[in-house]
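K.L.:
Pasting a structure here, questions to come.
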Amino acid sequence: MPSTRRQAIAAAVALGAACATGLARADSYPSKPITLVVAYPAGGDTDALARLFAEKLSARVGQPVVVDNRPGASGIIGSAYVSKAQPDGYTLLLSPSTFSIAQLVLKTGGSSSYDVLNGFTPIVQTGSQPLFLVASGASSMASAKDLVAAAKGGKPLTYASPGSGSPMHILGEMFNRAAGVSLAHVPYKGVAPAVNDVLGGHVPATFITLGPVAPHLANGKMLPLAVASRERSALAPKVPTLQELGYKDVEVTAWNGLWGPRNLPLETVKTLNAHFNEILKMPDVVSRMAVLGTTPVGGGADVLGKTNAADFERFGKVIKDIGIQAD
């Protein structure tokens with residue numbers, strides 16, 4: 001047999017073996033435990049969603065899915081950690097929409113930074129969350145108008161958020177401008193400590209997702225004053241929108257999504273996206289997400305990518321226009 005023919009056959013065999021190996025590797029994912037990073041403390045709504053998704057994903061893939069809380073700097077520390085992980089599908093990030101905008105406010109650099117638009121692989125947008133203006137039951141404020149009147153009456157007032165650069169922080173400053181007041185921002189290291197201080201009466205109000213405050217709204221320890229969505233939320237249909245109350249263009253909706261490091265293999269993205277789209281349809285998951293103030297989204301990976309890019313552009317302009325800075 002001529003050497004050129006033998007070489008061609010050998011090359012074809014090698015290529016076939018390589019393809020078979022590649023397919024085997026793709027088909028075998030995951031073959032070991034997956035780490036799902038949450039860049040916030042335990043106890044918040046992102047953490048609760050992560051634990052719900054970890055349980056369901058583990059059951060589907062037959063491997064442990066471990067939630068790893070890495071809080072700090074409004075989620076930047078945990079997000080940066082995932083951005084530097086190996087793109088093998090075994091280190092993932094479940095992030096709220098603070099992911100898109102925190103760096104625009106905190107101006108971090110070095111190891112605590114990441115490329116918002118190009119430094120990660122979008123996998124799936126898991127949910128959408130309306131944001132509410134909520135007051136402490138001890139504050140005697142029954143409406144947004146009461147809050148504005150108190151602020152304009154010369155009383156120094158504050159509002160809590162889960163951190164500088166969060167959608168709640170941006171919303172608070174948008175509300176300040178629209179209402180002509182100067183509520184001072186008090187940032188916390190996550191949702192749970194912010195809610196606790198409002199409950200304790202240390203801060204009179206907060207902009208927050210519904211899930212962490214729903215039990216306190218039910219027992220009257222906190223009062224819903226308004227929702228920042230375009231229309232009233234089905235989760236709390238009696239609560240008026242800020243636009244209804246006359247605060248025009250004050251509209252911010254939070255979201256959460258699943259990311260991998262940059263250059264995550266396409267087959268891995270497809271596998272995880274397919275699993276999550278099925279998970280997000282499970283009745284018990286839908287009902288649990290509703291309790292957490294979240295509506296499932298799903299769809300292709302491009303949905304999350306476009307949502308992230310739109311928020312980065314929109315809120316980048318808002319931050320520059322209002323001059324929002326970290327507190």
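Note on naming: chains are A, B, ... as they come in the structure tokens, residues start from 1 per chain, ligands start from 1 in the order shown.
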Show which residues sit within 10 Å of Ala309 (chain A), as a ChimeraX atom specification. Count only C-alpha atoms, and ignore same-chain residues fewer than 5 positions away.

P.N.:
/A:100,116-118,304,314

K.L.:
Keeping only all heavy atoms, take the residues you just selected and write them out as an mmCIF file, in the first residue's frame.

P.N.:
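File produced: selection.cif:
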```
data_model
loop_
_atom_site.group_PDB
_atom_site.id
_atom_site.type_symbol
_atom_site.label_atom_id
_atom_site.label_comp_id
_atom_site.auth_asym_id
_atom_site.auth_seq_id
_atom_site.Cartn_x
_atom_site.Cartn_y
_atom_site.Cartn_z
ATOM 1 N N SER A 100 -24.723 43.061 36.417
ATOM 2 C CA SER A 100 -24.538 43.927 35.253
ATOM 3 C C SER A 100 -23.995 45.294 35.600
ATOM 4 O O SER A 100 -23.340 45.935 34.772
ATOM 5 C CB SER A 100 -25.871 44.115 34.511
ATOM 6 O OG SER A 100 -26.442 42.893 34.149
ATOM 7 N N VAL A 116 -18.128 42.471 32.129
ATOM 8 C CA VAL A 116 -19.566 42.214 32.222
ATOM 9 C C VAL A 116 -20.126 41.636 30.926
ATOM 10 O O VAL A 116 -20.973 40.738 30.947
ATOM 11 C CB VAL A 116 -20.315 43.518 32.580
ATOM 12 C CG1 VAL A 116 -21.824 43.325 32.488
ATOM 13 C CG2 VAL A 116 -19.921 43.988 33.970
ATOM 14 N N LEU A 117 -19.661 42.130 29.799
ATOM 15 C CA LEU A 117 -20.246 41.736 28.522
ATOM 16 C C LEU A 117 -19.557 40.547 27.864
ATOM 17 O O LEU A 117 -20.188 39.809 27.109
ATOM 18 C CB LEU A 117 -20.227 42.928 27.558
ATOM 19 C CG LEU A 117 -21.029 44.154 28.005
ATOM 20 C CD1 LEU A 117 -20.920 45.260 26.959
ATOM 21 C CD2 LEU A 117 -22.490 43.805 28.244
ATOM 22 N N ASN A 118 -18.269 40.353 28.141
ATOM 23 C CA ASN A 118 -17.526 39.317 27.425
ATOM 24 C C ASN A 118 -16.795 38.324 28.313
ATOM 25 O O ASN A 118 -16.169 37.398 27.806
ATOM 26 C CB ASN A 118 -16.503 39.973 26.486
ATOM 27 C CG ASN A 118 -17.156 40.936 25.510
ATOM 28 O OD1 ASN A 118 -17.993 40.540 24.711
ATOM 29 N ND2 ASN A 118 -16.783 42.214 25.596
ATOM 30 N N LEU A 304 -30.547 35.618 28.166
ATOM 31 C CA LEU A 304 -29.786 36.162 29.288
ATOM 32 C C LEU A 304 -28.740 37.153 28.800
ATOM 33 O O LEU A 304 -28.562 38.226 29.394
ATOM 34 C CB LEU A 304 -29.117 35.029 30.068
ATOM 35 C CG LEU A 304 -28.209 35.454 31.228
ATOM 36 C CD1 LEU A 304 -28.976 36.273 32.257
ATOM 37 C CD2 LEU A 304 -27.575 34.225 31.885
ATOM 38 N N ARG A 314 -28.373 50.584 29.719
ATOM 39 C CA ARG A 314 -29.361 51.493 30.286
ATOM 40 C C ARG A 314 -28.896 52.089 31.613
ATOM 41 O O ARG A 314 -28.922 53.301 31.814
ATOM 42 C CB ARG A 314 -30.698 50.769 30.496
ATOM 43 C CG ARG A 314 -31.757 51.687 31.100
ATOM 44 C CD ARG A 314 -32.966 50.937 31.633
ATOM 45 N NE ARG A 314 -33.869 51.854 32.309
ATOM 46 C CZ ARG A 314 -34.830 51.487 33.136
ATOM 47 N NH1 ARG A 314 -35.031 50.208 33.395
ATOM 48 N NH2 ARG A 314 -35.598 52.384 33.714
#
```

K.L.:
Using DSSP secondary structure from the backbone, list all strand (DSSP E) positions within region 46-162 of chain A, as a PyMOL selection string.

P.N.:
chain A and resi 65-69+91-96+120-136+158-161

K.L.:
Write out the residues from the selection above, keeping N, CA and C atoms, as a short mmCIF file (atom, residue, chain, number, x, y, z; two decimals), in the first residue's frame.

P.N.:
```
data_model
loop_
_atom_site.label_atom_id
_atom_site.label_comp_id
_atom_site.auth_asym_id
_atom_site.auth_seq_id
_atom_site.Cartn_x
_atom_site.Cartn_y
_atom_site.Cartn_z
N VAL A 65 -24.66 18.92 43.35
CA VAL A 65 -24.51 20.33 42.96
C VAL A 65 -24.44 21.11 44.28
N VAL A 66 -23.28 21.67 44.54
CA VAL A 66 -22.99 22.29 45.84
C VAL A 66 -23.05 23.81 45.72
N VAL A 67 -23.84 24.46 46.59
CA VAL A 67 -23.92 25.92 46.60
C VAL A 67 -22.77 26.46 47.44
N ASP A 68 -22.02 27.38 46.84
CA ASP A 68 -20.84 27.98 47.48
C ASP A 68 -21.07 29.48 47.61
N ASN A 69 -21.33 29.98 48.82
CA ASN A 69 -21.54 31.41 49.05
C ASN A 69 -20.20 32.13 49.15
N THR A 91 -17.85 24.91 37.52
CA THR A 91 -17.97 26.09 38.37
C THR A 91 -18.89 27.07 37.67
N LEU A 92 -20.07 27.28 38.25
CA LEU A 92 -21.09 28.12 37.65
C LEU A 92 -21.47 29.23 38.61
N LEU A 93 -22.16 30.24 38.10
CA LEU A 93 -22.58 31.39 38.90
C LEU A 93 -24.08 31.62 38.72
N LEU A 94 -24.80 31.69 39.84
CA LEU A 94 -26.18 32.16 39.78
C LEU A 94 -26.17 33.59 40.32
N SER A 95 -26.49 34.53 39.46
CA SER A 95 -26.36 35.93 39.85
C SER A 95 -27.68 36.67 39.72
N PRO A 96 -27.90 37.67 40.59
CA PRO A 96 -28.97 38.63 40.36
C PRO A 96 -28.46 39.68 39.38
N PHE A 120 -18.01 36.17 30.56
CA PHE A 120 -18.77 35.01 31.01
C PHE A 120 -19.53 34.40 29.83
N THR A 121 -19.97 33.18 30.02
CA THR A 121 -20.84 32.52 29.04
C THR A 121 -22.25 32.48 29.61
N PRO A 122 -23.21 33.16 28.97
CA PRO A 122 -24.60 33.07 29.44
C PRO A 122 -25.16 31.68 29.20
N ILE A 123 -25.93 31.18 30.16
CA ILE A 123 -26.52 29.84 30.03
C ILE A 123 -28.04 29.93 29.99
N VAL A 124 -28.64 30.59 30.98
CA VAL A 124 -30.10 30.73 30.97
C VAL A 124 -30.52 31.82 31.95
N GLN A 125 -31.51 32.61 31.57
CA GLN A 125 -32.12 33.56 32.51
C GLN A 125 -33.15 32.78 33.30
N THR A 126 -32.92 32.65 34.59
CA THR A 126 -33.79 31.81 35.41
C THR A 126 -35.06 32.52 35.85
N GLY A 127 -35.00 33.85 36.08
CA GLY A 127 -36.21 34.49 36.58
C GLY A 127 -36.22 36.00 36.41
N SER A 128 -37.37 36.58 36.68
CA SER A 128 -37.58 38.02 36.66
C SER A 128 -38.26 38.40 37.97
N GLN A 129 -37.85 39.55 38.55
CA GLN A 129 -38.34 39.93 39.86
C GLN A 129 -38.74 41.42 39.90
N PRO A 130 -39.99 41.72 40.20
CA PRO A 130 -40.35 43.12 40.41
C PRO A 130 -39.73 43.64 41.71
N LEU A 131 -39.43 44.92 41.73
CA LEU A 131 -38.88 45.55 42.92
C LEU A 131 -39.93 46.41 43.61
N PHE A 132 -39.95 46.35 44.94
CA PHE A 132 -40.97 47.05 45.73
C PHE A 132 -40.32 48.08 46.65
N LEU A 133 -41.03 49.17 46.87
CA LEU A 133 -40.69 50.11 47.92
C LEU A 133 -41.47 49.68 49.15
N VAL A 134 -40.75 49.35 50.21
CA VAL A 134 -41.35 48.79 51.42
C VAL A 134 -40.91 49.60 52.62
N ALA A 135 -41.84 49.87 53.55
CA ALA A 135 -41.51 50.63 54.75
C ALA A 135 -41.62 49.75 55.98
N SER A 136 -40.88 50.10 57.00
CA SER A 136 -41.00 49.44 58.30
C SER A 136 -42.38 49.71 58.89
N THR A 158 -33.52 57.58 55.47
CA THR A 158 -32.61 56.69 54.75
C THR A 158 -33.41 55.56 54.09
N TYR A 159 -32.74 54.87 53.17
CA TYR A 159 -33.31 53.64 52.63
C TYR A 159 -32.20 52.60 52.54
N ALA A 160 -32.57 51.34 52.74
CA ALA A 160 -31.61 50.24 52.70
C ALA A 160 -31.61 49.59 51.32
N SER A 161 -30.46 49.04 50.95
CA SER A 161 -30.38 48.21 49.74
C SER A 161 -29.43 47.05 50.02
#
```

K.L.:
Against region 273-282 of chain A, which residues of region 26-97 of chain A fall within 10 Å? For each one I want the closest pair of atoms and the distance in Å (one decimal), counting only C-alpha atoms, rows by chain and increasing residue number, as a tab-separated table.

P.N.:
```
residue	atom	partner	partner_atom	distance
A:Leu52	CA	A:Ile279	CA	9.8
A:Phe53	CA	A:Ile279	CA	7.6
A:Lys56	CA	A:Ile279	CA	6.7
A:Leu57	CA	A:His275	CA	7.0
A:Arg60	CA	A:His275	CA	7.5
A:Val61	CA	A:His275	CA	8.6
```

K.L.:
Give the alpha helix (DSSP H) residues of region 84-310 of chain A, as assigned by DSSP on the backbone, as a PyMOL selection string.

P.N.:
chain A and resi 98-106+144-152+167-179+191-199+214-218+266-279+283-291+301-310

K.L.:
Compile the contact shell of Pro204 (chain A) as a VMD selection string: residues with an atom at most 12 Å away, counting only C-alpha atoms, same-chain residues fewer than 5 positions apart removed.

P.N.:
chain A and resid 133 to 142 144 146 to 147 150 to 151 155 to 161 183 to 186 194 to 199 221 to 223 225

K.L.:
Which residue gives the smallest distance to Tyr188 (chain A) among A:Ala205, A:Ala59, A:Leu104, A:Ala73, with only C-alpha atoms counted?

P.N.:
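Comparing A:Ala205, A:Ala59, A:Leu104, A:Ala73 against Tyr188 (chain A), the winner is A:Ala73.
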
K.L.:
For Asp302 (chain A), which of A:Ala54, A:Val82, A:Val318, A:Val269 is the closest residue, counting only C-alpha atoms?

P.N.:
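Residue with the minimum atom-to-atom distance to Asp302 (chain A): A:Val269.
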
K.L.:
Can you tell me, as a VMD selection string, what residues are no more than 9 Å from Pro30 (chain A) when counting only C-alpha atoms, ignoring any on the same chain fewer than 3 positions away?

P.N.:
chain A and resid 26 to 27 33 to 34 61 to 63 89 to 90 268

K.L.:
For C-alpha atoms, I'd like the residues from the last selection saved as a compact mmCIF listing (two decimals), in the first residue's frame.

P.N.:
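Output file selection_9.txt is given in full below:
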```
# COMPACT_ATOMS: atom_id res chain seq x y z
CA ALA A 26 -19.61 15.81 25.88
CA ASP A 27 -21.99 12.96 26.61
CA PRO A 33 -19.81 17.47 41.40
CA ILE A 34 -20.78 20.95 40.17
CA VAL A 61 -27.69 14.81 36.24
CA GLY A 62 -26.91 12.32 38.99
CA GLN A 63 -24.10 14.41 40.47
CA GLY A 89 -18.92 23.43 33.40
CA TYR A 90 -18.04 22.53 36.99
CA THR A 268 -22.13 22.11 27.97
```

K.L.:
For a quick check of understanding, using only C-alpha atoms, which of A:Tyr29, A:Trp255, A:Tyr247, A:Phe207 has the smallest distance to Pro162 (chain A)?

P.N.:
A:Phe207

K.L.:
Would you compute the distance between CA of Tyr40 (chain A) and CA of Asn256 (chain A)? Give it in Å to one decimal.

P.N.:
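For CA of Tyr40 (chain A) relative to CA of Asn256 (chain A), the distance reads 12.9 Å.
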
K.L.:
Taking only C-alpha atoms into account, name the residue in A:Val286, A:Met174, A:Val250, A:Ile208 that is nearest to Asp45 (chain A).

P.N.:
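Closest candidate: A:Ile208.
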
K.L.:
For Leu235 (chain A), list every protein, DNA or RNA residue within 9 Å, evaluated using only C-alpha atoms, and leave out those in the same chain fewer than 4 positions away; present the list as a list in words.

P.N.:
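Contacts, in chain order: Pro130, Leu210, Ala290, Val291, Gly293 and Thr294 of chain A.
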
K.L.:
Which value, in Å to one decimal, gives the distance between CA of Asp88 (chain A) and CA of Gly44 (chain A)?

P.N.:
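Between these atoms lies a distance of 27.6 Å.
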
K.L.:
Quick check, in Å to one decimal: how far apart do CA of Val38 (chain A) and CA of Arg51 (chain A) lie?

P.N.:
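Rounded to one decimal, the two atoms are 9.7 Å apart.
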
K.L.:
Out of A:Leu36, A:Val239, A:Ala254, A:Ala80, which residue has the shortest atom-to-atom distance to Thr295 (chain A) when counting only C-alpha atoms?

P.N.:
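Closest candidate: A:Ala254.
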